[in-house]
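Engineer: This is model35.cif (mmCIF, C-alpha atoms).
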```
data_target
loop_
_atom_site.label_atom_id
_atom_site.label_comp_id
_atom_site.auth_asym_id
_atom_site.auth_seq_id
_atom_site.Cartn_x
_atom_site.Cartn_y
_atom_site.Cartn_z
CA MET X 14 -42.22 -11.38 287.95
CA GLY X 15 -44.75 -9.93 285.46
CA VAL X 16 -44.10 -7.41 282.74
CA MET X 17 -44.02 -3.87 284.13
CA LYS X 18 -46.66 -1.57 282.66
CA ASP X 19 -45.54 1.73 281.19
CA ARG X 20 -46.35 4.73 283.29
CA PRO X 21 -48.92 7.03 281.63
CA PHE X 22 -46.29 9.65 280.74
CA THR X 23 -43.79 7.18 279.19
CA PRO X 24 -44.80 7.77 275.52
CA MET X 25 -44.50 11.55 275.99
CA LEU X 26 -41.16 11.13 277.77
CA GLU X 27 -39.81 9.10 274.85
CA ARG X 28 -41.25 11.50 272.28
CA LEU X 29 -39.50 14.47 273.89
CA ARG X 30 -36.23 12.60 274.29
CA ASP X 31 -36.35 11.48 270.64
CA THR X 32 -36.43 15.14 269.56
CA GLY X 33 -33.61 16.16 271.90
CA LEU X 34 -35.83 18.12 274.29
CA ARG X 35 -35.23 17.61 277.99
CA PRO X 36 -38.44 16.13 279.43
CA THR X 37 -39.15 18.60 282.22
CA ARG X 38 -42.29 18.23 284.30
CA GLN X 39 -43.92 21.21 282.53
CA ARG X 40 -43.02 19.94 279.03
CA LEU X 41 -44.40 16.50 279.87
CA ALA X 42 -47.64 17.98 281.21
CA LEU X 43 -48.09 20.23 278.17
CA ALA X 44 -47.19 17.42 275.75
CA ARG X 45 -49.86 15.25 277.38
CA LEU X 46 -52.46 18.01 276.90
CA LEU X 47 -51.41 18.54 273.29
CA PHE X 48 -50.91 15.03 271.98
CA GLU X 49 -53.03 12.58 273.93
CA GLY X 50 -56.36 13.61 272.40
CA GLY X 51 -55.60 13.16 268.70
CA ASN X 52 -54.89 15.87 266.14
CA ARG X 53 -55.88 19.38 267.12
CA HIS X 54 -55.23 23.08 266.69
CA VAL X 55 -54.51 25.19 269.74
CA THR X 56 -53.44 28.73 270.50
CA ALA X 57 -51.09 29.52 273.36
CA GLU X 58 -53.97 31.11 275.24
CA GLN X 59 -56.18 28.04 274.79
CA LEU X 60 -53.42 25.74 276.02
CA HIS X 61 -52.79 28.03 278.99
CA ALA X 62 -56.48 27.86 279.94
CA GLU X 63 -56.41 24.05 279.66
CA ALA X 64 -53.29 23.88 281.82
CA ARG X 65 -54.96 26.04 284.48
CA ARG X 66 -58.06 23.80 284.46
CA GLU X 67 -55.76 20.80 284.97
CA GLU X 68 -53.96 22.71 287.75
CA ILE X 69 -50.65 22.67 285.90
CA PRO X 70 -48.62 25.60 287.26
CA VAL X 71 -47.30 27.27 284.11
CA SER X 72 -47.14 30.85 282.88
CA LEU X 73 -48.35 32.02 279.49
CA ALA X 74 -44.74 32.90 278.61
CA THR X 75 -43.70 29.30 279.33
CA ILE X 76 -46.56 28.07 277.14
CA TYR X 77 -45.32 30.24 274.24
CA ASN X 78 -41.73 29.07 274.76
CA THR X 79 -42.75 25.41 274.95
CA LEU X 80 -44.96 25.61 271.84
CA ASN X 81 -42.10 27.19 269.90
CA GLN X 82 -39.63 24.58 271.19
CA PHE X 83 -42.03 21.81 270.13
CA ARG X 84 -42.40 23.49 266.71
CA LYS X 85 -38.63 23.74 266.22
CA ALA X 86 -38.27 20.07 267.28
CA GLY X 87 -40.78 19.04 264.61
CA LEU X 88 -43.58 18.05 267.00
CA LEU X 89 -45.98 20.80 265.87
CA ARG X 90 -46.64 23.05 262.90
CA GLU X 91 -47.45 26.70 263.34
CA VAL X 92 -50.39 28.03 261.33
CA VAL X 93 -50.44 31.82 261.11
CA VAL X 94 -53.88 33.07 260.13
CA ASP X 95 -53.16 36.75 260.68
CA SER X 96 -50.44 38.79 262.35
CA SER X 97 -52.19 38.69 265.71
CA ARG X 98 -52.93 34.98 266.00
CA SER X 99 -51.08 31.69 265.55
CA TRP X 100 -52.35 28.18 266.00
CA PHE X 101 -50.18 25.19 266.70
CA ASP X 102 -51.20 22.07 264.81
CA THR X 103 -50.40 18.55 266.01
CA ASN X 104 -51.16 17.12 262.55
CA LEU X 105 -47.84 16.99 260.72
CA GLU X 106 -49.26 15.46 257.52
CA ASP X 107 -49.71 17.68 254.46
CA HIS X 108 -53.13 19.27 254.73
CA HIS X 109 -54.88 22.63 254.51
CA HIS X 110 -57.20 24.66 256.71
CA PHE X 111 -60.56 26.35 256.85
CA PHE X 112 -60.55 29.43 259.08
CA HIS X 113 -64.01 30.35 260.34
CA GLU X 114 -63.81 34.12 260.78
CA ALA X 115 -66.91 34.42 262.99
CA THR X 116 -65.82 31.77 265.50
CA GLY X 117 -62.05 31.86 265.10
CA ALA X 118 -62.05 28.08 264.61
CA LEU X 119 -59.42 26.41 262.48
CA THR X 120 -60.28 23.05 260.89
CA ASP X 121 -58.45 20.72 258.54
CA PHE X 122 -59.30 19.72 255.02
CA GLU X 123 -57.33 17.23 252.96
CA ALA X 124 -55.20 18.21 249.98
CA GLU X 125 -56.80 15.56 247.76
CA GLY X 126 -58.37 17.18 244.72
CA LEU X 127 -56.85 20.60 245.47
CA ALA X 128 -54.51 21.97 242.82
CA VAL X 129 -52.37 25.04 243.39
CA GLU X 130 -51.06 26.44 240.13
CA GLY X 131 -48.59 29.16 239.38
CA VAL X 132 -46.44 28.71 242.47
CA PRO X 133 -43.43 30.97 241.92
CA ARG X 134 -39.91 29.63 241.82
CA ALA X 135 -38.06 29.81 245.10
CA PRO X 136 -35.33 32.46 245.32
CA THR X 137 -31.76 31.36 244.67
CA GLY X 138 -30.37 29.30 247.51
CA THR X 139 -33.79 28.24 248.82
CA GLU X 140 -36.37 25.60 248.04
CA ILE X 141 -40.10 25.37 248.64
CA ASP X 142 -40.79 23.20 251.68
CA ARG X 143 -44.56 23.02 251.29
CA VAL X 144 -47.56 25.06 250.22
CA GLU X 145 -50.36 25.53 252.73
CA VAL X 146 -53.78 26.89 251.84
CA ILE X 147 -56.02 28.69 254.32
CA VAL X 148 -59.60 29.13 253.11
CA ARG X 149 -61.38 31.87 255.06
CA LEU X 150 -65.05 31.24 255.77
CA ARG X 151 -67.81 33.66 256.77
CA ASP X 152 -71.43 33.01 257.60
CA ALA X 153 -73.67 33.04 254.54
CA GLY X 154 -76.31 35.69 254.30
#
```
Give the structure from this file in structure tokens form.
Structural biologist:
Amino acid sequence: MGVMKDRPFTPMLERLRDTGLRPTRQRLALARLLFEGGNRHVTAEQLHAEARREEIPVSLATIYNTLNQFRKAGLLREVVVDSSRSWFDTNLEDHHHFFHEATGALTDFEAEGLAVEGVPRAPTGTEIDRVEVIVRLRDAG
């Protein structure tokens, strides 16, 4: 008897279980969309549109709930560019972002060579987890 091949969803199943999230059909489908294509930034609305194209029956409210569950489980980082829009980032390494105001695109740039000075002390009873920089871009001219 040969070695059994993993089913395509097995890595996602294990990833969800490792974080304590129950691997429901919807979570597995959304995890596949989020994590199988490499690092990316996605809004809830973008993920909802992708799910619809893939014929995954899921509401926008479920998308928001799932993204927030994944964030709390440490699978995603939330990047808040303004009060009306959040991106969810699959790249958990320390890095920063360019925000292209004309297109609404969010792209990574590495922290190497970037120095942030004058970071205030954290209030009593807290500590600084990380510092993230968002550089806003506009078209020249």
Engineer: For Leu46 (chain X), which residue among X:Glu63, X:Asp31, X:Asp95, X:Asp107 is the nearest when counting only C-alpha atoms?
Structural biologist: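 When distances to Leu46 (chain X) are compared using only C-alpha atoms, the smallest one comes from X:Glu63.
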Engineer: Evaluating the PyMOL selection byres ((chain X and resi 58) around 12) on the displayed file yields which residues, as a compact mmCIF listing (two decimals) with C-alpha atoms, in the coordinates of the input?
Structural biologist:
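Just written: out-v3.txt:
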```txt
# COMPACT_ATOMS: atom_id res chain seq x y z
CA HIS X 54 -55.23 23.08 266.69
CA VAL X 55 -54.51 25.19 269.74
CA THR X 56 -53.44 28.73 270.50
CA ALA X 57 -51.09 29.52 273.36
CA GLN X 59 -56.18 28.04 274.79
CA LEU X 60 -53.42 25.74 276.02
CA HIS X 61 -52.79 28.03 278.99
CA ALA X 62 -56.48 27.86 279.94
CA GLU X 63 -56.41 24.05 279.66
CA ALA X 64 -53.29 23.88 281.82
CA ARG X 65 -54.96 26.04 284.48
CA VAL X 71 -47.30 27.27 284.11
CA SER X 72 -47.14 30.85 282.88
CA LEU X 73 -48.35 32.02 279.49
CA ALA X 74 -44.74 32.90 278.61
CA THR X 75 -43.70 29.30 279.33
CA ILE X 76 -46.56 28.07 277.14
CA TYR X 77 -45.32 30.24 274.24
CA LEU X 80 -44.96 25.61 271.84
CA ARG X 98 -52.93 34.98 266.00
CA SER X 99 -51.08 31.69 265.55
CA TRP X 100 -52.35 28.18 266.00
CA PHE X 101 -50.18 25.19 266.70
```
Engineer: Once the PyMOL selection byres ((chain X and resi 34) around 12) is applied to the coordinates I shared, what remains selected? I want it as a PyMOL selection string.
Structural biologist: chain X and resi 25-33+35-41+44+79+81-88
Engineer: Got time to write the residues from that selection, C-alpha atoms, as a PDB file, in the coordinates of the input?
Structural biologist:
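Okay, this is what ended up in result21.pdb:
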```pdb
ATOM      1  CA  MET X  25     -44.500  11.550 275.990  1.00  0.00           C
ATOM      2  CA  LEU X  26     -41.160  11.130 277.770  1.00  0.00           C
ATOM      3  CA  GLU X  27     -39.810   9.100 274.850  1.00  0.00           C
ATOM      4  CA  ARG X  28     -41.250  11.500 272.280  1.00  0.00           C
ATOM      5  CA  LEU X  29     -39.500  14.470 273.890  1.00  0.00           C
ATOM      6  CA  ARG X  30     -36.230  12.600 274.290  1.00  0.00           C
ATOM      7  CA  ASP X  31     -36.350  11.480 270.640  1.00  0.00           C
ATOM      8  CA  THR X  32     -36.430  15.140 269.560  1.00  0.00           C
ATOM      9  CA  GLY X  33     -33.610  16.160 271.900  1.00  0.00           C
ATOM     10  CA  ARG X  35     -35.230  17.610 277.990  1.00  0.00           C
ATOM     11  CA  PRO X  36     -38.440  16.130 279.430  1.00  0.00           C
ATOM     12  CA  THR X  37     -39.150  18.600 282.220  1.00  0.00           C
ATOM     13  CA  ARG X  38     -42.290  18.230 284.300  1.00  0.00           C
ATOM     14  CA  GLN X  39     -43.920  21.210 282.530  1.00  0.00           C
ATOM     15  CA  ARG X  40     -43.020  19.940 279.030  1.00  0.00           C
ATOM     16  CA  LEU X  41     -44.400  16.500 279.870  1.00  0.00           C
ATOM     17  CA  ALA X  44     -47.190  17.420 275.750  1.00  0.00           C
ATOM     18  CA  THR X  79     -42.750  25.410 274.950  1.00  0.00           C
ATOM     19  CA  ASN X  81     -42.100  27.190 269.900  1.00  0.00           C
ATOM     20  CA  GLN X  82     -39.630  24.580 271.190  1.00  0.00           C
ATOM     21  CA  PHE X  83     -42.030  21.810 270.130  1.00  0.00           C
ATOM     22  CA  ARG X  84     -42.400  23.490 266.710  1.00  0.00           C
ATOM     23  CA  LYS X  85     -38.630  23.740 266.220  1.00  0.00           C
ATOM     24  CA  ALA X  86     -38.270  20.070 267.280  1.00  0.00           C
ATOM     25  CA  GLY X  87     -40.780  19.040 264.610  1.00  0.00           C
ATOM     26  CA  LEU X  88     -43.580  18.050 267.000  1.00  0.00           C
TER      27      LEU X  88
END
```
Engineer: Taking all atoms listed in the file into account, name the residue in X:Val146, X:Arg90, X:Ala124, X:Gly131 that is nearest to His110 (chain X).
Structural biologist: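 Closest residue, counting all atoms listed in the file: X:Val146.
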Engineer: Please indicate the distance in Å from CA of Glu130 (chain X) to CA of Glu106 (chain X), rounded to one decimal place.
Structural biologist: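 Between these atoms lies a distance of 20.6 Å.
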Engineer: In the coordinate frame of the file, compute which residues have an atom within 10 Å of (-49.5, 17.4, 254.5) when using all atoms listed in the file, and state them as a PyMOL selection string.
Structural biologist: chain X and resi 104-109+123-124+143-145
Engineer: Using only C-alpha atoms, determine which residues lie at most 9 Å from Ala115 (chain X), disregarding the query and same-chain residues fewer than 5 positions distant; provide the list as a list in words.
Structural biologist: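 Listing them by chain and then by number gives Leu150, Arg151 and Asp152 of chain X.
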Engineer: Could those residues be written to a file, using C-alpha atoms, as a compact mmCIF listing (two decimals), keeping the file's coordinate frame?
Structural biologist:
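Listing of result-v6.txt after writing:
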```txt
# COMPACT_ATOMS: atom_id res chain seq x y z
CA LEU X 150 -65.05 31.24 255.77
CA ARG X 151 -67.81 33.66 256.77
CA ASP X 152 -71.43 33.01 257.60
```
Engineer: Considering only C-alpha atoms, state which residue in the set X:Thr139, X:Ser97, X:Asn78, X:Thr120 is at the smallest distance from Leu43 (chain X).
Structural biologist: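 That would be X:Asn78, the residue with the smallest distance to Leu43 (chain X).
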Engineer: Take CA of Gly154 (chain X) and CA of Thr116 (chain X) and report the distance between them in Å, one decimal.
Structural biologist: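 Calculated distance between CA of Gly154 (chain X) and CA of Thr116 (chain X) is 15.8 Å.
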Engineer: Out of X:Glu67, X:Pro24, X:Leu89, X:Arg149, which residue has the shortest atom-to-atom distance to Leu119 (chain X) when counting only C-alpha atoms?
Structural biologist: X:Arg149
Engineer: What is the CA of Thr103 (chain X) to CA of Arg134 (chain X) distance in Å?
Structural biologist: 28.6 Å
